[in-house]
>>> print(open('data.cif').read())   # mmCIF, C-alpha atoms and all ligand atoms
data_data
loop_
_atom_site.label_atom_id
_atom_site.label_comp_id
_atom_site.auth_asym_id
_atom_site.auth_seq_id
_atom_site.Cartn_x
_atom_site.Cartn_y
_atom_site.Cartn_z
CA MET N 28 75.28 120.13 201.01
CA SER N 29 76.15 117.69 198.25
CA PRO N 30 77.15 119.61 195.14
CA ALA N 31 74.96 117.44 192.85
CA ILE N 32 73.56 118.96 189.67
CA GLN N 33 69.97 120.15 190.18
CA PRO N 34 66.97 119.35 187.86
CA SER N 35 66.80 123.01 186.80
CA GLU N 36 70.28 122.70 185.32
CA PHE N 37 69.38 119.58 183.33
CA ARG N 38 66.39 121.56 182.00
CA ARG N 39 68.63 124.48 181.01
CA ARG N 40 70.97 122.09 179.19
CA ARG N 41 68.13 120.61 177.16
CA ALA N 42 66.79 124.05 176.32
CA ALA N 43 70.23 125.23 175.20
CA LEU N 44 70.64 122.19 172.97
CA MET N 45 67.18 122.63 171.44
CA ASN N 46 67.98 126.29 170.77
CA MET N 47 71.02 125.24 168.77
CA MET N 48 69.16 122.59 166.78
CA SER N 49 68.01 123.73 163.38
CA ALA N 50 64.29 124.13 162.69
CA GLY N 51 62.53 120.86 161.83
CA ALA N 52 65.10 118.73 163.65
CA ILE N 53 64.69 116.05 166.30
CA ALA N 54 67.33 114.55 168.61
CA VAL N 55 67.24 110.91 169.70
CA ILE N 56 69.67 110.03 172.48
CA PRO N 57 69.88 106.49 173.89
CA ALA N 58 70.97 105.61 177.42
CA ALA N 59 73.78 103.12 177.97
CA GLY N 60 72.84 99.43 178.18
CA VAL N 61 73.80 96.89 180.81
CA ARG N 62 76.85 94.87 179.78
CA VAL N 63 77.51 91.27 180.73
CA ARG N 64 80.70 90.64 182.68
CA ASN N 65 80.45 86.87 182.81
CA ARG N 66 77.51 84.48 182.66
CA ASP N 67 74.67 86.20 184.60
CA THR N 68 76.85 88.84 186.28
CA ASN N 69 76.88 92.33 184.80
CA TYR N 70 79.38 95.16 184.97
CA VAL N 71 78.36 97.92 187.36
CA PHE N 72 76.13 100.15 185.27
CA ARG N 73 77.41 103.57 184.24
CA GLN N 74 75.05 105.90 182.39
CA ASP N 75 76.06 107.28 179.00
CA SER N 76 77.57 110.73 179.57
CA ASP N 77 75.59 112.57 176.89
CA PHE N 78 72.36 110.98 178.10
CA TYR N 79 73.09 111.75 181.74
CA TYR N 80 74.13 115.31 180.90
CA LEU N 81 70.66 115.95 179.50
CA THR N 82 68.51 113.98 181.95
CA GLY N 83 70.18 113.16 185.26
CA TYR N 84 68.52 109.74 184.86
CA THR N 85 70.65 106.80 185.96
CA GLU N 86 68.78 103.72 184.70
CA PRO N 87 69.64 101.70 181.59
CA ASP N 88 67.34 100.96 178.64
CA ALA N 89 66.00 104.44 177.98
CA VAL N 90 65.85 106.91 175.11
CA LEU N 91 65.54 110.69 175.32
CA VAL N 92 63.83 112.51 172.47
CA LEU N 93 64.03 116.26 171.96
CA ALA N 94 61.46 117.45 169.45
CA PRO N 95 61.41 121.27 169.37
CA GLY N 96 57.99 122.67 168.47
CA ARG N 97 56.12 119.39 169.02
CA ASP N 98 52.57 120.21 170.15
CA HIS N 99 52.26 117.37 172.65
CA GLY N 100 55.55 118.04 174.36
CA GLU N 101 59.12 118.67 173.25
CA VAL N 102 61.05 116.57 175.78
CA ILE N 103 60.10 112.91 175.91
CA LEU N 104 61.66 109.97 177.72
CA PHE N 105 61.18 106.32 176.95
CA CYS N 106 62.12 104.28 180.03
CA ARG N 107 61.67 101.00 181.84
CA GLU N 108 58.32 100.34 183.46
CA ARG N 109 57.99 99.51 187.12
CA HIS N 110 58.27 95.74 187.67
CA ALA N 111 57.84 94.25 191.13
CA ARG N 112 59.93 91.12 190.53
CA SER N 113 62.85 93.02 188.97
CA GLU N 114 62.69 95.69 191.65
CA LEU N 115 62.91 92.97 194.31
CA TYR N 116 66.35 92.09 192.94
CA GLU N 117 67.67 95.35 191.52
CA GLY N 118 65.95 98.10 193.46
CA GLU N 119 63.35 100.70 192.65
CA ARG N 120 62.78 101.91 189.11
CA LEU N 121 61.49 105.39 188.43
CA GLY N 122 58.99 104.27 185.79
CA PRO N 123 57.33 106.39 183.10
CA ASP N 124 54.44 107.50 185.33
CA ARG N 125 56.79 109.40 187.65
CA ALA N 126 59.65 110.20 185.26
CA ALA N 127 58.15 113.27 183.64
CA GLN N 128 57.48 114.97 186.93
CA VAL N 129 60.68 113.93 188.74
CA LEU N 130 62.98 114.78 185.83
CA GLY N 131 61.05 117.83 184.63
CA LEU N 132 60.18 116.39 181.20
CA ASP N 133 57.07 116.91 179.08
CA ASP N 134 56.13 113.25 178.75
CA ALA N 135 57.39 109.72 179.37
CA PHE N 136 56.43 106.35 177.87
CA PRO N 137 57.39 102.72 178.49
CA VAL N 138 60.48 101.90 176.46
CA ASN N 139 58.74 98.72 175.27
CA ASP N 140 56.31 100.95 173.33
CA ILE N 141 59.04 102.86 171.50
CA GLU N 142 58.46 101.04 168.19
CA ASP N 143 54.85 102.23 168.18
CA ILE N 144 55.49 105.84 169.20
CA LEU N 145 58.91 107.07 168.07
CA PRO N 146 58.52 106.51 164.29
CA GLY N 147 55.52 108.87 164.38
CA MET N 148 57.66 111.52 166.05
CA LEU N 149 60.35 111.18 163.37
CA GLU N 150 57.91 111.55 160.51
CA GLY N 151 57.93 115.04 159.02
CA ARG N 152 61.25 116.02 160.71
CA GLU N 153 63.93 117.05 158.24
CA ARG N 154 66.95 116.06 160.31
CA ILE N 155 67.69 113.60 163.12
CA TYR N 156 70.50 114.36 165.55
CA ILE N 157 71.98 111.15 166.94
CA THR N 158 75.02 109.97 168.90
CA LEU N 159 76.15 108.27 165.72
CA GLY N 160 78.23 105.12 165.93
CA GLU N 161 78.15 104.48 169.68
CA TYR N 162 75.10 102.23 169.91
CA HIS N 163 75.03 100.17 166.73
CA GLU N 164 71.95 98.19 167.60
CA PHE N 165 69.98 101.33 168.30
CA ASP N 166 71.34 103.08 165.18
CA ASN N 167 70.10 100.10 163.13
CA LYS N 168 66.65 100.33 164.65
CA LEU N 169 66.52 104.02 163.88
CA MET N 170 67.53 103.42 160.25
CA HIS N 171 64.86 100.77 160.06
CA TRP N 172 62.16 103.15 161.34
CA VAL N 173 63.25 105.80 158.87
CA SER N 174 63.18 103.23 156.02
CA ASP N 175 59.62 102.34 157.00
CA ILE N 176 58.62 106.00 156.71
CA ARG N 177 60.42 106.21 153.36
CA ALA N 178 58.48 103.17 152.10
CA ARG N 179 55.27 105.11 152.73
CA GLU N 180 56.51 108.24 150.96
CA SER N 181 54.22 107.75 147.95
CA GLY N 182 51.29 107.76 150.36
CA GLY N 183 52.31 111.19 151.66
CA ALA N 184 54.67 110.25 154.52
CA ILE N 185 57.62 112.66 154.88
CA PRO N 186 60.84 110.83 155.90
CA PRO N 187 63.73 112.65 157.58
CA GLY N 188 66.39 113.55 155.02
CA GLU N 189 69.55 113.57 157.13
CA PHE N 190 71.24 112.06 160.14
CA VAL N 191 73.54 114.53 161.87
CA ALA N 192 76.05 113.76 164.63
CA LEU N 193 74.76 115.33 167.81
CA LYS N 194 78.27 115.84 169.12
CA HIS N 195 78.91 119.04 167.17
CA LEU N 196 76.27 120.78 169.27
CA LEU N 197 76.23 118.87 172.52
CA HIS N 198 79.96 118.43 172.99
CA GLU N 199 80.67 122.12 172.61
CA GLN N 200 78.15 122.66 175.40
CA ARG N 201 79.78 119.99 177.59
CA LEU N 202 83.22 121.51 177.03
CA LEU N 203 82.28 124.70 178.90
CA LYS N 204 81.54 123.81 182.51
CA SER N 205 78.82 125.57 184.51
CA ALA N 206 79.24 126.78 188.09
CA ALA N 207 77.45 123.66 189.34
CA GLU N 208 79.68 121.35 187.31
CA ILE N 209 82.75 123.11 188.63
CA ARG N 210 81.54 122.56 192.20
CA VAL N 211 81.13 118.84 191.52
CA MET N 212 84.55 118.63 189.86
CA ARG N 213 86.17 120.46 192.77
CA GLU N 214 84.76 117.76 195.04
CA ALA N 215 86.04 114.98 192.75
CA ALA N 216 89.45 116.67 192.82
CA ARG N 217 89.39 117.12 196.60
CA ILE N 218 88.67 113.43 197.21
CA THR N 219 91.32 112.39 194.69
CA CYS N 220 93.98 114.59 196.28
CA GLN N 221 93.25 113.02 199.65
CA ALA N 222 93.56 109.58 198.09
CA HIS N 223 96.99 110.34 196.63
CA GLU N 224 98.23 111.64 199.95
CA ARG N 225 96.82 108.58 201.71
CA ALA N 226 98.78 106.38 199.29
CA MET N 227 101.98 108.31 200.06
CA VAL N 228 101.44 107.97 203.79
CA HIS N 229 100.74 104.21 203.63
CA CYS N 230 103.33 103.21 201.04
CA ARG N 231 106.02 100.76 202.21
CA PRO N 232 108.60 98.66 200.38
CA GLY N 233 107.36 95.08 200.13
CA MET N 234 103.71 95.86 199.65
CA THR N 235 102.15 95.13 196.28
CA GLU N 236 100.93 97.68 193.79
CA THR N 237 97.43 96.23 194.38
CA GLN N 238 97.71 96.94 198.09
CA LEU N 239 98.71 100.53 197.37
CA GLU N 240 95.79 100.82 194.94
CA ALA N 241 93.53 99.67 197.78
CA GLU N 242 94.50 102.79 199.77
CA ILE N 243 93.38 104.95 196.85
CA ILE N 244 90.09 103.11 196.36
CA HIS N 245 89.43 103.20 200.11
CA GLU N 246 89.70 106.98 200.18
CA PHE N 247 87.46 107.34 197.11
CA MET N 248 84.75 105.14 198.57
CA ILE N 249 84.61 106.48 202.10
CA ASN N 250 84.21 109.94 200.59
CA GLY N 251 81.20 108.94 198.50
CA ALA N 252 82.94 108.30 195.18
CA ARG N 253 82.00 104.72 194.43
CA THR N 254 84.31 104.13 191.46
CA PRO N 255 87.41 105.48 189.82
CA ALA N 256 86.84 107.48 186.64
CA TYR N 257 89.22 105.09 184.84
CA PRO N 258 91.25 102.05 185.89
CA SER N 259 93.88 103.18 188.40
CA ILE N 260 97.51 102.96 187.33
CA VAL N 261 99.91 101.97 190.13
CA GLY N 262 103.31 101.24 188.65
CA GLY N 263 106.51 100.76 190.62
CA GLY N 264 109.93 101.07 188.97
CA ALA N 265 109.90 100.26 185.26
CA ASN N 266 106.15 99.48 185.34
CA ALA N 267 105.64 103.25 185.39
CA CYS N 268 107.01 103.35 181.82
CA VAL N 269 103.97 101.44 180.57
CA LEU N 270 101.70 104.43 180.12
CA HIS N 271 98.44 102.65 180.87
CA TYR N 272 99.80 99.95 183.19
CA ILE N 273 96.77 98.65 185.13
CA GLU N 274 97.87 95.16 186.18
CA ASN N 275 99.11 96.65 189.46
CA LYS N 276 100.38 93.26 190.60
CA ASP N 277 104.08 93.60 191.40
CA VAL N 278 105.85 94.12 194.70
CA LEU N 279 107.05 97.68 195.34
CA ARG N 280 110.80 97.84 195.85
CA LYS N 281 112.82 100.02 198.18
CA GLY N 282 114.94 101.96 195.69
CA ASP N 283 112.17 102.55 193.16
CA LEU N 284 109.72 105.31 192.44
CA VAL N 285 106.04 104.50 192.15
CA LEU N 286 103.69 106.31 189.78
CA ILE N 287 100.00 106.49 190.65
CA ASP N 288 97.56 107.83 188.07
CA ALA N 289 94.13 107.64 189.67
CA GLY N 290 91.05 109.82 189.89
CA CYS N 291 87.62 109.26 191.34
CA GLU N 292 84.34 109.74 189.55
CA TYR N 293 81.98 111.85 191.63
CA GLU N 294 78.37 112.47 190.55
CA HIS N 295 79.37 111.36 187.03
CA TYR N 296 82.34 113.77 186.82
CA ALA N 297 85.97 112.71 186.63
CA SER N 298 89.18 113.78 188.23
CA ASP N 299 92.51 112.67 186.80
CA VAL N 300 95.63 113.02 188.93
CA THR N 301 99.12 111.54 188.79
CA ARG N 302 101.70 111.69 191.53
CA THR N 303 105.07 109.94 191.53
CA PHE N 304 107.03 109.35 194.73
CA PRO N 305 109.78 107.14 196.19
CA VAL N 306 108.51 103.82 197.55
CA ALA N 307 110.70 104.24 200.64
CA GLY N 308 109.98 107.95 201.08
CA LYS N 309 113.33 109.47 199.99
CA PHE N 310 114.32 110.41 196.42
CA THR N 311 117.77 109.32 195.21
CA ARG N 312 119.87 112.00 193.51
CA ASN N 313 118.92 110.86 190.01
CA GLN N 314 115.27 110.38 190.85
CA ARG N 315 115.18 113.83 192.35
CA ALA N 316 116.86 115.44 189.34
CA LEU N 317 114.42 113.91 186.90
CA TYR N 318 111.44 114.54 189.18
CA GLU N 319 112.27 118.22 189.57
CA LEU N 320 112.53 118.53 185.82
CA VAL N 321 109.04 117.10 185.30
CA LEU N 322 107.75 119.26 188.15
CA GLU N 323 109.20 122.38 186.52
CA ALA N 324 107.47 121.40 183.25
CA ASN N 325 104.20 120.81 185.10
CA GLU N 326 104.38 124.14 186.95
CA GLN N 327 105.42 126.24 183.96
CA ALA N 328 102.73 124.68 181.78
CA ILE N 329 100.13 125.45 184.45
CA THR N 330 101.38 129.05 184.67
CA ALA N 331 100.68 129.42 180.96
CA CYS N 332 97.01 128.40 181.31
CA ARG N 333 94.66 131.37 180.86
CA PRO N 334 91.97 132.54 178.42
CA GLY N 335 93.25 133.25 174.93
CA VAL N 336 96.23 130.88 175.11
CA VAL N 337 95.93 128.05 172.58
CA PHE N 338 95.45 124.47 173.78
CA THR N 339 98.86 123.31 172.55
CA GLU N 340 100.80 126.13 174.26
CA PRO N 341 101.18 124.45 177.71
CA HIS N 342 102.42 121.32 175.93
CA GLU N 343 105.02 123.27 173.94
CA ILE N 344 106.26 124.90 177.15
CA ALA N 345 106.46 121.62 179.07
CA LEU N 346 108.21 119.91 176.20
CA ARG N 347 110.88 122.57 175.80
CA ILE N 348 111.67 122.50 179.52
CA MET N 349 111.95 118.71 179.51
CA VAL N 350 114.11 118.54 176.38
CA GLN N 351 116.53 121.17 177.70
CA GLY N 352 116.65 119.39 181.07
CA LEU N 353 117.29 116.01 179.45
CA LEU N 354 120.13 117.56 177.44
CA ASP N 355 121.59 119.04 180.63
CA LEU N 356 121.40 115.64 182.35
CA GLN N 357 122.96 114.02 179.25
CA LEU N 358 119.99 111.75 178.83
CA LEU N 359 119.43 113.21 175.36
CA ALA N 360 122.19 114.22 172.99
CA GLY N 361 122.16 116.57 170.02
CA ASP N 362 120.86 119.94 169.03
CA PHE N 363 117.83 121.32 170.94
CA ASP N 364 115.99 122.63 167.86
CA GLU N 365 116.64 119.48 165.90
CA ILE N 366 115.37 117.28 168.74
CA ILE N 367 112.17 119.36 168.86
CA ALA N 368 111.79 119.40 165.06
CA THR N 369 112.39 115.67 164.56
CA GLU N 370 110.49 114.73 167.73
CA SER N 371 113.35 112.46 168.76
CA TYR N 372 112.42 113.35 172.37
CA ARG N 373 109.56 110.88 171.95
CA SER N 374 111.72 107.99 173.15
CA LEU N 375 111.65 109.60 176.62
CA CYS N 376 108.65 111.98 176.43
CA PRO N 377 106.15 109.99 174.39
CA HIS N 378 102.80 111.63 175.14
CA ASN N 379 101.04 114.97 174.98
CA THR N 380 100.53 117.14 178.03
CA SER N 381 96.79 117.82 178.09
CA HIS N 382 93.28 116.63 177.37
CA TRP N 383 89.85 117.98 178.26
CA LEU N 384 88.35 116.70 181.50
CA GLY N 385 84.68 116.46 182.47
CA MET N 386 82.13 113.67 182.66
CA ASP N 387 84.57 111.56 180.67
CA VAL N 388 88.20 111.45 181.68
CA HIS N 389 89.24 112.17 178.12
CA ASP N 390 86.35 114.53 177.73
CA VAL N 391 84.52 115.67 174.63
CA GLY N 392 85.04 118.87 172.66
CA ASP N 393 87.13 119.77 169.66
CA TYR N 394 90.81 120.54 170.15
CA ARG N 395 91.08 122.43 166.89
CA VAL N 396 88.90 125.10 165.33
CA GLU N 397 89.17 125.77 161.61
CA GLY N 398 92.40 123.84 161.46
CA ALA N 399 94.14 125.65 164.32
CA SER N 400 94.63 124.77 167.99
CA ARG N 401 91.69 126.33 169.83
CA GLU N 402 91.97 129.09 172.41
CA LEU N 403 91.30 128.29 176.04
CA GLU N 404 88.16 129.90 177.46
CA PRO N 405 86.80 130.35 181.01
CA GLY N 406 84.94 127.19 182.03
CA MET N 407 87.18 124.78 180.15
CA LEU N 408 88.94 122.14 182.22
CA LEU N 409 92.10 120.42 181.08
CA THR N 410 94.83 118.26 182.54
CA ILE N 411 98.49 119.22 182.65
CA GLU N 412 100.48 116.01 182.75
CA PRO N 413 104.05 116.09 181.49
CA GLY N 414 106.03 112.88 181.86
CA ILE N 415 109.49 111.42 181.33
CA TYR N 416 110.00 107.68 181.09
CA ILE N 417 113.28 105.75 180.93
CA PRO N 418 112.28 102.15 180.27
CA ARG N 419 114.68 99.22 180.30
CA HIS N 420 114.16 98.69 176.56
CA SER N 421 116.91 98.47 174.00
CA SER N 422 116.15 102.13 173.19
CA THR N 423 117.81 103.21 176.47
CA GLU N 424 120.70 100.71 176.52
CA HIS N 425 123.20 103.53 176.07
CA LEU N 426 122.12 105.24 179.31
CA PRO N 427 123.67 104.48 182.73
CA ALA N 428 121.78 101.76 184.66
CA SER N 429 121.07 104.20 187.49
CA TRP N 430 118.67 106.11 185.22
CA ARG N 431 116.86 103.17 183.71
CA GLY N 432 113.58 101.74 184.93
CA MET N 433 111.88 104.90 186.09
CA GLY N 434 108.83 106.75 184.88
CA ILE N 435 107.67 110.10 186.23
CA ARG N 436 104.42 111.89 185.47
CA ILE N 437 102.86 114.75 187.44
CA GLU N 438 99.27 115.46 186.50
CA ASP N 439 96.92 118.19 187.69
CA ASP N 440 93.41 119.29 186.73
CA VAL N 441 93.24 122.94 185.69
CA LEU N 442 90.14 125.09 185.33
CA ILE N 443 90.38 128.12 183.07
CA THR N 444 88.88 131.13 184.83
CA ARG N 445 88.14 134.67 183.60
CA THR N 446 91.45 135.93 184.92
CA GLY N 447 93.70 132.89 184.61
CA ALA N 448 93.43 129.40 185.99
CA GLU N 449 92.60 127.46 189.14
CA VAL N 450 94.41 124.20 189.88
CA LEU N 451 91.65 121.99 191.30
CA THR N 452 94.20 119.42 192.44
CA ALA N 453 96.67 121.73 194.16
CA ALA N 454 96.02 120.01 197.50
CA ALA N 455 97.93 116.85 196.52
CA VAL N 456 101.52 117.52 197.55
CA LYS N 457 104.05 117.44 194.72
CA SER N 458 107.24 119.19 195.88
CA VAL N 459 110.17 116.92 196.78
CA ALA N 460 110.35 118.37 200.30
CA GLY N 461 106.58 118.11 200.74
CA ILE N 462 106.42 114.47 199.63
CA GLU N 463 109.39 113.46 201.78
CA ALA N 464 107.95 115.22 204.83
CA LEU N 465 104.52 113.63 204.39
CA MET N 466 106.00 110.17 203.92
CA ALA N 467 108.33 110.55 206.89
CA ALA N 468 105.38 111.39 209.13
CA GLY N 469 103.29 108.39 207.98
CA PRO N 470 103.30 104.77 209.27
CA GLY N 471 105.73 103.79 206.52
CA GLY N 472 108.14 106.65 207.32
N1 LIG Q 501 94.57 108.52 183.14
C1 LIG Q 501 94.68 108.73 181.77
C2 LIG Q 501 95.30 110.02 181.49
O1 LIG Q 501 95.98 110.55 182.32
O2 LIG Q 501 95.08 110.60 180.47
MN MN Q 502 95.78 110.43 184.39
MN MN Q 503 95.07 112.56 182.01
#
>>> encode(input="data.cif", output="structure tokens", more="lines below")
Ligand code: GLY
Ligand code: MN
Ligand code: MN
Amino acid sequence: MSPAIQPSEFRRRRAALMNMMSAGAIAVIPAAGVRVRNRDTNYVFRQDSDFYYLTGYTEPDAVLVLAPGRDHGEVILFCRERHARSELYEGERLGPDRAAQVLGLDDAFPVNDIEDILPGMLEGRERIYITLGEYHEFDNKLMHWVSDIRARESGGAIPPGEFVALKHLLHEQRLLKSAAEIRVMREAARITCQAHERAMVHCRPGMTETQLEAEIIHEFMINGARTPAYPSIVGGGANACVLHYIENKDVLRKGDLVLIDAGCEYEHYASDVTRTFPVAGKFTRNQRALYELVLEANEQAITACRPGVVFTEPHEIALRIMVQGLLDLQLLAGDFDEIIATESYRSLCPHNTSHWLGMDVHDVGDYRVEGASRELEPGMLLTIEPGIYIPRHSSTEHLPASWRGMGIRIEDDVLITRTGAEVLTAAAVKSVAGIEALMAAGPGG
């Protein structure tokens, strides 16, 4: 059975949010809009994550309203009406007549009537929760409606007094994944692991980064994940040192490593995995030394993941392993503590080790609580992705040529459980022996 999120869970999410909202508040949450790609061609539509999290509704041009205590219904959707001509081109719309029942809402209205209906719902509410700053056009409309109420204040109208960012409530909820969300994210991870292994098996010197990306996308799509969660990074040789390299256009060369950072989106949830491997299937001595260092950092950081450990702890562990290893390999020089204190490691280890993962690849949720790094809790999902990069910039001119032009990152998705952690992406091989064996067995081997 597909592990999709069920309507009862969307209902629970709305109820939990309304419970957290203060008395007299209302939440107004717009859907994403369609965006033009060029002329009359649009980008493939992707629903806004907050909106989807609360509705499961995948059409554009909609607004969800949560009005706790409202006599005529607390959960209201404004959405597109049915329209035969549009449906001929774009497919079936749910329409307001069916939306309430299908999505388990109290009421639904045509979005074209929002100007006539929503201002009345805002009147008398003390506080409006909104996804402030993301949809400027909609924010402006909302301000305008509130101003209209304010203009009638002398006649007895009661305008809302405050706008409050919804994220403080909703994003804390999204940070802790439910059992159903974890099932979906396990599936996203499973598909992504298969895709990385497919890329290893099919990789050959002489093919382009685009062609290798095609192997990844193929595996996503045939497994029911239509799109990547973010643009796939396929960087051979020095291209791997560009952290978000997405041109993916160069030819892969025999003596190089290739770094692939790619994850599918499945049922609106992301996976985010990086594997780095030799284009021709065998690590050189230097590649292997640096790879095993990053792998050690990845594995030790993962071992540290459990409830009660602070978010920055896995990063500190990974960093210390990498700095010591770089000193041992004479790729960094100086005093260990001073390198850590002055952050001079940043020329080779420029990024942090973790971020939250969920519906968005860099998912929502605060990283700090009351000024301190927050403790990990069961249900949180984070990446562990240490990396070392030796670009061919002037900054590495002093290093031997055999080390320059390689970038290595190893990224896994880690769920915090009650007793420790589960690596959702453990199925994608990452040991040197494992990668070499897989590649030797494939058509490129
Ligand atoms: N793919 C972006 C990241 O790893 O954070
Ligand atoms: Mn990534
Ligand atoms: Mn990541």
>>> residues_around(input="data.cif", residues="Leu465 (chain N)", least_positions_apart="4", cutoff="9 Å", atoms="only C-alpha atoms", output="list in words")
Glu224, Met227, Val228, Gly308, Val456, Ala460, Gly461, Gly469 and Gly472 of chain N
>>> closest_residue(input="data.cif", among="N:Ala448, N:Ile32, N:Ala297, N:Ile53", to="ligand MN 503 (chain Q)", atoms="all atoms listed in the file")
N:Ala297
>>> closest_atom_pairs(input="data.cif", of="chain N", to="ligand MN 503 (chain Q)", cutoff="12 Å", atoms="all atoms listed in the file", output="JSON lines")
{"residue": "N:Ala256", "atom": "CA", "partner": "Q:MN503", "partner_atom": "MN", "distance": 10.7}
{"residue": "N:Tyr257", "atom": "CA", "partner": "Q:MN503", "partner_atom": "MN", "distance": 9.9}
{"residue": "N:Pro258", "atom": "CA", "partner": "Q:MN503", "partner_atom": "MN", "distance": 11.8}
{"residue": "N:Ser259", "atom": "CA", "partner": "Q:MN503", "partner_atom": "MN", "distance": 11.4}
{"residue": "N:Ile260", "atom": "CA", "partner": "Q:MN503", "partner_atom": "MN", "distance": 11.2}
{"residue": "N:Leu270", "atom": "CA", "partner": "Q:MN503", "partner_atom": "MN", "distance": 10.7}
{"residue": "N:His271", "atom": "CA", "partner": "Q:MN503", "partner_atom": "MN", "distance": 10.5}
{"residue": "N:Ile287", "atom": "CA", "partner": "Q:MN503", "partner_atom": "MN", "distance": 11.7}
{"residue": "N:Asp288", "atom": "CA", "partner": "Q:MN503", "partner_atom": "MN", "distance": 8.1}
{"residue": "N:Ala289", "atom": "CA", "partner": "Q:MN503", "partner_atom": "MN", "distance": 9.2}
{"residue": "N:Gly290", "atom": "CA", "partner": "Q:MN503", "partner_atom": "MN", "distance": 9.3}
{"residue": "N:Ala297", "atom": "CA", "partner": "Q:MN503", "partner_atom": "MN", "distance": 10.2}
{"residue": "N:Ser298", "atom": "CA", "partner": "Q:MN503", "partner_atom": "MN", "distance": 8.7}
{"residue": "N:Asp299", "atom": "CA", "partner": "Q:MN503", "partner_atom": "MN", "distance": 5.4}
{"residue": "N:Val300", "atom": "CA", "partner": "Q:MN503", "partner_atom": "MN", "distance": 7.0}
{"residue": "N:Thr301", "atom": "CA", "partner": "Q:MN503", "partner_atom": "MN", "distance": 8.0}
{"residue": "N:Arg302", "atom": "CA", "partner": "Q:MN503", "partner_atom": "MN", "distance": 11.6}
{"residue": "N:His378", "atom": "CA", "partner": "Q:MN503", "partner_atom": "MN", "distance": 10.4}
{"residue": "N:Asn379", "atom": "CA", "partner": "Q:MN503", "partner_atom": "MN", "distance": 9.5}
{"residue": "N:Thr380", "atom": "CA", "partner": "Q:MN503", "partner_atom": "MN", "distance": 8.2}
{"residue": "N:Ser381", "atom": "CA", "partner": "Q:MN503", "partner_atom": "MN", "distance": 6.8}
{"residue": "N:His382", "atom": "CA", "partner": "Q:MN503", "partner_atom": "MN", "distance": 6.4}
{"residue": "N:Trp383", "atom": "CA", "partner": "Q:MN503", "partner_atom": "MN", "distance": 8.4}
{"residue": "N:Leu384", "atom": "CA", "partner": "Q:MN503", "partner_atom": "MN", "distance": 7.9}
{"residue": "N:Gly385", "atom": "CA", "partner": "Q:MN503", "partner_atom": "MN", "distance": 11.1}
{"residue": "N:Asp387", "atom": "CA", "partner": "Q:MN503", "partner_atom": "MN", "distance": 10.6}
{"residue": "N:Val388", "atom": "CA", "partner": "Q:MN503", "partner_atom": "MN", "distance": 7.0}
{"residue": "N:His389", "atom": "CA", "partner": "Q:MN503", "partner_atom": "MN", "distance": 7.0}
{"residue": "N:Asp390", "atom": "CA", "partner": "Q:MN503", "partner_atom": "MN", "distance": 9.9}
{"residue": "N:Leu408", "atom": "CA", "partner": "Q:MN503", "partner_atom": "MN", "distance": 11.4}
{"residue": "N:Leu409", "atom": "CA", "partner": "Q:MN503", "partner_atom": "MN", "distance": 8.5}
{"residue": "N:Thr410", "atom": "CA", "partner": "Q:MN503", "partner_atom": "MN", "distance": 5.7}
{"residue": "N:Ile411", "atom": "CA", "partner": "Q:MN503", "partner_atom": "MN", "distance": 7.5}
{"residue": "N:Glu412", "atom": "CA", "partner": "Q:MN503", "partner_atom": "MN", "distance": 6.5}
{"residue": "N:Pro413", "atom": "CA", "partner": "Q:MN503", "partner_atom": "MN", "distance": 9.7}
{"residue": "N:Gly414", "atom": "CA", "partner": "Q:MN503", "partner_atom": "MN", "distance": 11.0}
{"residue": "N:Arg436", "atom": "CA", "partner": "Q:MN503", "partner_atom": "MN", "distance": 10.0}
{"residue": "N:Ile437", "atom": "CA", "partner": "Q:MN503", "partner_atom": "MN", "distance": 9.7}
{"residue": "N:Glu438", "atom": "CA", "partner": "Q:MN503", "partner_atom": "MN", "distance": 6.8}
{"residue": "N:Asp439", "atom": "CA", "partner": "Q:MN503", "partner_atom": "MN", "distance": 8.2}
{"residue": "N:Asp440", "atom": "CA", "partner": "Q:MN503", "partner_atom": "MN", "distance": 8.4}
{"residue": "N:Val441", "atom": "CA", "partner": "Q:MN503", "partner_atom": "MN", "distance": 11.2}
>>> residues_around(input="data.cif", residues="Tyr156 (chain N)", least_positions_apart="2", cutoff="8 Å", atoms="all atoms listed in the file", output="list of chain:residue names")
N:Ala52, N:Ile53, N:Ala54, N:Val55, N:Arg154, N:Thr158, N:Phe190, N:Val191, N:Ala192, N:Leu193
>>> write_last_selection(input="data.cif", atoms="C-alpha atoms", output="PDB file, keeping the file's coordinate frame")
ATOM      1  CA  ALA N  52      65.100 118.730 163.650  1.00  0.00           C
ATOM      2  CA  ILE N  53      64.690 116.050 166.300  1.00  0.00           C
ATOM      3  CA  ALA N  54      67.330 114.550 168.610  1.00  0.00           C
ATOM      4  CA  VAL N  55      67.240 110.910 169.700  1.00  0.00           C
ATOM      5  CA  ARG N 154      66.950 116.060 160.310  1.00  0.00           C
ATOM      6  CA  THR N 158      75.020 109.970 168.900  1.00  0.00           C
ATOM      7  CA  PHE N 190      71.240 112.060 160.140  1.00  0.00           C
ATOM      8  CA  VAL N 191      73.540 114.530 161.870  1.00  0.00           C
ATOM      9  CA  ALA N 192      76.050 113.760 164.630  1.00  0.00           C
ATOM     10  CA  LEU N 193      74.760 115.330 167.810  1.00  0.00           C
TER      11      LEU N 193
END
>>> atom_distance(input="data.cif", atom1="CA of Ala206 (chain N)", atom2="CA of Leu442 (chain N)")
11.4 Å
>>> closest_residue(input="data.cif", among="N:Thr68, N:Ser174, N:Thr330, N:Ser113", to="Ile443 (chain N)", atoms="only C-alpha atoms")
N:Thr330
